[in-house]
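Just my_file21.cif here, mmCIF, C-alpha atoms:
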```cif
data_work
#
loop_
_atom_site.label_atom_id
_atom_site.label_comp_id
_atom_site.auth_asym_id
_atom_site.auth_seq_id
_atom_site.Cartn_x
_atom_site.Cartn_y
_atom_site.Cartn_z
CA MET L 1 0.00 0.00 0.00
CA GLN L 2 2.73 2.44 0.97
CA ALA L 3 4.61 1.80 -2.27
CA GLY L 4 1.54 3.10 -4.13
CA LEU L 5 1.67 6.53 -2.47
CA ILE L 6 2.98 9.02 -5.02
CA GLU L 7 6.12 10.62 -3.67
CA GLU L 8 5.56 14.02 -5.28
CA PHE L 9 2.38 14.43 -3.20
CA GLY L 10 4.16 13.54 0.04
CA PRO L 11 4.79 13.64 2.83
CA TRP L 12 1.75 11.45 3.47
CA ARG L 13 -0.04 11.53 6.82
CA LEU L 14 -2.27 9.12 8.69
CA THR L 15 -5.36 10.08 10.67
CA GLY L 16 -8.48 8.58 12.14
CA SER L 17 -10.64 8.60 15.21
CA ASP L 18 -11.11 6.38 18.23
CA ALA L 19 -14.76 5.93 19.13
CA THR L 20 -16.09 6.28 22.65
CA VAL L 21 -19.58 6.51 24.10
CA GLY L 22 -20.73 10.07 24.72
CA ALA L 23 -22.79 11.39 27.62
CA ASP L 24 -25.98 10.89 25.58
CA GLY L 25 -25.03 7.27 24.80
CA GLY L 26 -24.15 8.11 21.19
CA ARG L 27 -20.87 7.47 19.41
CA VAL L 28 -18.20 10.15 19.80
CA GLU L 29 -15.17 10.20 17.52
CA ASN L 30 -11.89 11.28 19.13
CA PRO L 31 -9.57 12.23 16.24
CA TRP L 32 -5.83 11.57 16.11
CA LEU L 33 -3.11 12.47 13.61
CA ALA L 34 0.24 10.87 12.77
CA ASP L 35 3.04 12.40 10.71
CA GLU L 36 3.87 9.11 9.01
CA VAL L 37 1.93 6.27 7.41
CA THR L 38 2.94 3.44 9.72
CA PHE L 39 0.14 0.94 10.29
CA ASP L 40 2.14 -1.18 12.73
CA ARG L 41 2.75 1.83 14.96
CA HIS L 42 -0.68 3.46 14.69
CA GLY L 43 -2.88 0.41 14.11
CA HIS L 44 -4.06 0.25 17.74
CA GLN L 45 -5.78 2.67 20.07
CA PRO L 46 -3.99 3.54 23.34
CA SER L 47 -6.24 0.91 24.99
CA GLY L 48 -4.79 -1.75 22.65
CA THR L 49 -8.01 -2.11 20.65
CA PRO L 50 -7.27 -2.38 16.91
CA ARG L 51 -8.12 0.62 14.76
CA ILE L 52 -10.09 -0.48 11.73
CA ASN L 53 -10.51 2.80 9.83
CA MET L 54 -7.44 4.89 9.13
CA TRP L 55 -7.24 7.71 6.60
CA VAL L 56 -4.20 8.56 4.46
CA TRP L 57 -3.96 12.14 3.25
CA SER L 58 -1.46 14.53 1.74
CA PRO L 59 -0.91 18.17 2.75
CA ALA L 60 0.09 18.77 -0.89
CA LEU L 61 -3.45 17.75 -2.00
CA THR L 62 -5.45 18.96 1.01
CA ARG L 63 -4.21 22.01 2.89
CA SER L 64 -4.97 20.56 6.30
CA HIS L 65 -6.80 17.76 8.00
CA PRO L 66 -10.22 18.35 9.55
CA PRO L 67 -10.19 19.97 13.01
CA LEU L 68 -9.07 17.49 15.66
CA SER L 69 -12.09 17.94 17.92
CA ALA L 70 -14.31 15.24 19.36
CA GLY L 71 -17.66 14.82 17.67
CA ARG L 72 -19.58 12.57 15.32
CA LYS L 73 -18.41 13.66 11.86
CA TYR L 74 -14.61 13.36 11.69
CA GLU L 75 -14.54 10.19 9.59
CA SER L 76 -17.26 11.53 7.28
CA ILE L 77 -15.26 14.71 6.75
CA CYS L 78 -12.13 12.66 5.94
CA SER L 79 -14.11 10.64 3.40
CA LEU L 80 -15.78 13.64 1.81
CA ASN L 81 -12.38 15.33 1.41
CA GLY L 82 -11.15 12.43 -0.73
CA PHE L 83 -8.76 10.94 1.86
CA LEU L 84 -7.87 7.28 1.25
CA LEU L 85 -9.65 4.98 3.68
CA ILE L 86 -7.51 2.07 4.77
CA GLN L 87 -9.44 -0.55 6.71
CA HIS L 88 -6.68 -2.52 8.35
CA ALA L 89 -8.70 -4.90 10.50
CA THR L 90 -7.12 -7.80 12.35
CA ALA L 91 -10.32 -9.87 12.34
CA PRO L 92 -12.98 -10.37 9.64
CA MET L 93 -15.51 -7.54 9.28
CA TYR L 94 -18.86 -7.69 7.53
CA TYR L 95 -18.64 -4.32 5.82
CA PRO L 96 -19.53 -3.19 3.20
CA VAL L 97 -21.28 -6.39 2.04
CA PRO L 98 -23.17 -8.43 4.66
CA ARG L 99 -22.33 -12.14 4.71
CA ARG L 100 -19.02 -11.56 2.88
CA ALA L 101 -16.31 -11.10 5.47
CA THR L 102 -13.25 -9.04 4.67
CA THR L 103 -10.27 -7.92 6.71
CA ARG L 104 -8.73 -5.38 4.33
CA GLU L 105 -10.15 -2.56 2.21
CA VAL L 106 -8.71 0.47 0.44
CA CYS L 107 -11.41 2.97 -0.55
CA VAL L 108 -11.69 6.52 -1.84
CA VAL L 109 -14.55 8.92 -2.49
CA ASP L 110 -13.51 10.52 -5.77
CA ALA L 111 -16.21 13.22 -5.97
CA VAL L 112 -18.93 14.83 -3.85
CA TYR L 113 -21.71 17.33 -4.42
CA THR L 114 -21.68 20.36 -2.14
CA ASN L 115 -24.87 21.74 -0.59
CA SER L 116 -25.04 24.23 -3.48
CA GLY L 117 -24.95 21.38 -6.03
CA GLU L 118 -21.34 21.95 -7.14
CA LEU L 119 -19.43 18.77 -8.02
CA VAL L 120 -16.04 18.64 -6.29
CA THR L 121 -13.64 15.98 -7.57
CA TYR L 122 -10.45 14.52 -6.14
CA PRO L 123 -8.54 13.27 -9.21
CA HIS L 124 -5.16 13.10 -7.47
CA TYR L 125 -6.46 10.96 -4.60
CA LEU L 126 -8.26 8.78 -7.16
CA ASN L 127 -5.01 8.44 -9.11
CA VAL L 128 -3.22 7.27 -5.96
CA TRP L 129 -6.05 4.81 -5.21
CA GLN L 130 -5.82 3.40 -8.76
CA ARG L 131 -2.06 3.00 -8.41
CA ILE L 132 -2.51 1.12 -5.12
CA ALA L 133 -5.28 -1.02 -6.67
CA ARG L 134 -2.95 -2.01 -9.55
CA ARG L 135 -0.26 -3.03 -7.08
CA LEU L 136 -2.75 -5.02 -5.02
CA ARG L 137 -4.00 -6.81 -8.15
CA LYS L 138 -0.45 -7.91 -8.94
CA THR L 139 0.02 -9.15 -5.39
CA ALA L 140 -3.37 -10.87 -5.29
CA ASP L 141 -2.52 -13.27 -8.12
CA ARG L 142 0.05 -14.86 -5.81
CA PRO L 143 -0.64 -16.47 -2.45
CA GLY L 144 -0.35 -13.97 0.37
CA PRO L 145 0.71 -14.50 3.96
CA PRO L 146 -1.66 -16.62 6.05
CA HIS L 147 -3.19 -13.52 7.62
CA GLY L 148 -3.23 -10.07 6.08
CA HIS L 149 -3.37 -10.51 2.31
CA PRO L 150 -4.39 -7.15 0.82
CA LEU L 151 -7.51 -8.41 -0.94
CA ILE L 152 -8.78 -11.54 0.73
CA ASP L 153 -6.50 -12.77 3.50
CA GLY L 154 -4.22 -15.34 1.94
CA TYR L 155 -6.35 -16.61 -0.94
CA PRO L 156 -4.96 -15.99 -4.43
CA TRP L 157 -7.30 -14.18 -6.82
CA SER L 158 -7.29 -14.87 -10.53
CA ALA L 159 -7.15 -11.94 -12.92
CA ALA L 160 -10.75 -12.72 -13.96
CA ALA L 161 -11.98 -12.64 -10.34
CA ILE L 162 -10.30 -9.29 -9.72
CA THR L 163 -11.80 -7.85 -12.93
CA GLU L 164 -15.24 -9.07 -11.88
CA ALA L 165 -14.86 -7.59 -8.38
CA LEU L 166 -13.69 -4.22 -9.71
CA THR L 167 -16.54 -4.12 -12.25
CA ALA L 168 -19.04 -4.86 -9.49
CA MET L 169 -17.55 -2.08 -7.34
CA GLU L 170 -17.70 0.42 -10.23
CA HIS L 171 -21.35 -0.37 -10.91
CA GLY L 172 -22.37 -0.57 -7.25
CA THR L 173 -23.49 -4.19 -7.43
#
```

Represent the structure from my file as structure tokens, please.
Amino acid sequence: MQAGLIEEFGPWRLTGSDATVGADGGRVENPWLADEVTFDRHGHQPSGTPRINMWVWSPALTRSHPPLSAGRKYESICSLNGFLLIQHATAPMYYPVPRRATTREVCVVDAVYTNSGELVTYPHYLNVWQRIARRLRKTADRPGPPHGHPLIDGYPWSAAAITEALTAMEHGT
């Protein structure tokens, strides 16, 4: 994943939020920021709980990260600003497709509509995501380590299976 980050847009940063329960019983996101993209170092909360969602962003592409204040919208703001979502789970998750467990995802929102109806695009972040996806496809045709393969935890994917999966993702099926 890190090899897919385009050097000219660096230095790349890592951010995310650790969820806690607020006074009203709702979810509160407590944002954090790291100056390097190091999943081994930042992959766990201070409590030791694994962090599933981490966001990779570039100050060259986005002037600054969202404000680091507790609330309920930090991860949404990261997504809507085109940051790369890295889901680096250590156990199977059932997101985004129920009944199909996954432990790794790399996602990007490449465009959003503002409240005024203006379309804002993130071509550079999309370009980085496509570069990472190409690298993952090459890796996926070979057996990965027993735990932690970038696409499906140790199972080799054929080129046809990857093409089918990418087509389904592009068409939302």

Cut-off 12 Å around (-2.6, 20.1, -1.0) with all atoms listed in the file: residues as a PDB file with C-alpha atoms, keeping the file's coordinate frame:
```
ATOM      1  CA  GLU L   8       5.560  14.020  -5.280  1.00  0.00           C
ATOM      2  CA  PHE L   9       2.380  14.430  -3.200  1.00  0.00           C
ATOM      3  CA  GLY L  10       4.160  13.540   0.040  1.00  0.00           C
ATOM      4  CA  PRO L  11       4.790  13.640   2.830  1.00  0.00           C
ATOM      5  CA  TRP L  12       1.750  11.450   3.470  1.00  0.00           C
ATOM      6  CA  ARG L  13      -0.040  11.530   6.820  1.00  0.00           C
ATOM      7  CA  TRP L  57      -3.960  12.140   3.250  1.00  0.00           C
ATOM      8  CA  SER L  58      -1.460  14.530   1.740  1.00  0.00           C
ATOM      9  CA  PRO L  59      -0.910  18.170   2.750  1.00  0.00           C
ATOM     10  CA  ALA L  60       0.090  18.770  -0.890  1.00  0.00           C
ATOM     11  CA  LEU L  61      -3.450  17.750  -2.000  1.00  0.00           C
ATOM     12  CA  THR L  62      -5.450  18.960   1.010  1.00  0.00           C
ATOM     13  CA  ARG L  63      -4.210  22.010   2.890  1.00  0.00           C
ATOM     14  CA  SER L  64      -4.970  20.560   6.300  1.00  0.00           C
ATOM     15  CA  HIS L  65      -6.800  17.760   8.000  1.00  0.00           C
ATOM     16  CA  ASN L  81     -12.380  15.330   1.410  1.00  0.00           C
ATOM     17  CA  GLY L  82     -11.150  12.430  -0.730  1.00  0.00           C
ATOM     18  CA  PHE L  83      -8.760  10.940   1.860  1.00  0.00           C
ATOM     19  CA  TYR L 122     -10.450  14.520  -6.140  1.00  0.00           C
ATOM     20  CA  HIS L 124      -5.160  13.100  -7.470  1.00  0.00           C
ATOM     21  CA  TYR L 125      -6.460  10.960  -4.600  1.00  0.00           C
TER      22      TYR L 125
END
```

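Taking atom CA of Leu119 of chain L and atom CA of Ile77 of chain L as endpoints, the distance between them is 15.9 Å.
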
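The interatomic distance for the pair atom CA of Val109 of chain L and atom CA of Arg72 of chain L works out to 18.9 Å.
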
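Nearest to Gln130 of chain L of all the residues L:Val106, L:Glu29, L:Met54, L:Lys73 is L:Val106, based on all atoms listed in the file.
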
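The neighbours of Asn127 of chain L here are the residues that come within 10 Å of it, using all atoms listed in the file and leaving out any residue fewer than 5 positions away in the same chain; they are Gly4, Leu5, Ile6, Asp110, Tyr122, Ile132 and Ala133 of chain L.
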
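Taking atom CA of Leu68 of chain L as the reference point, atom CA of Val56 of chain L is found at 15.1 Å.
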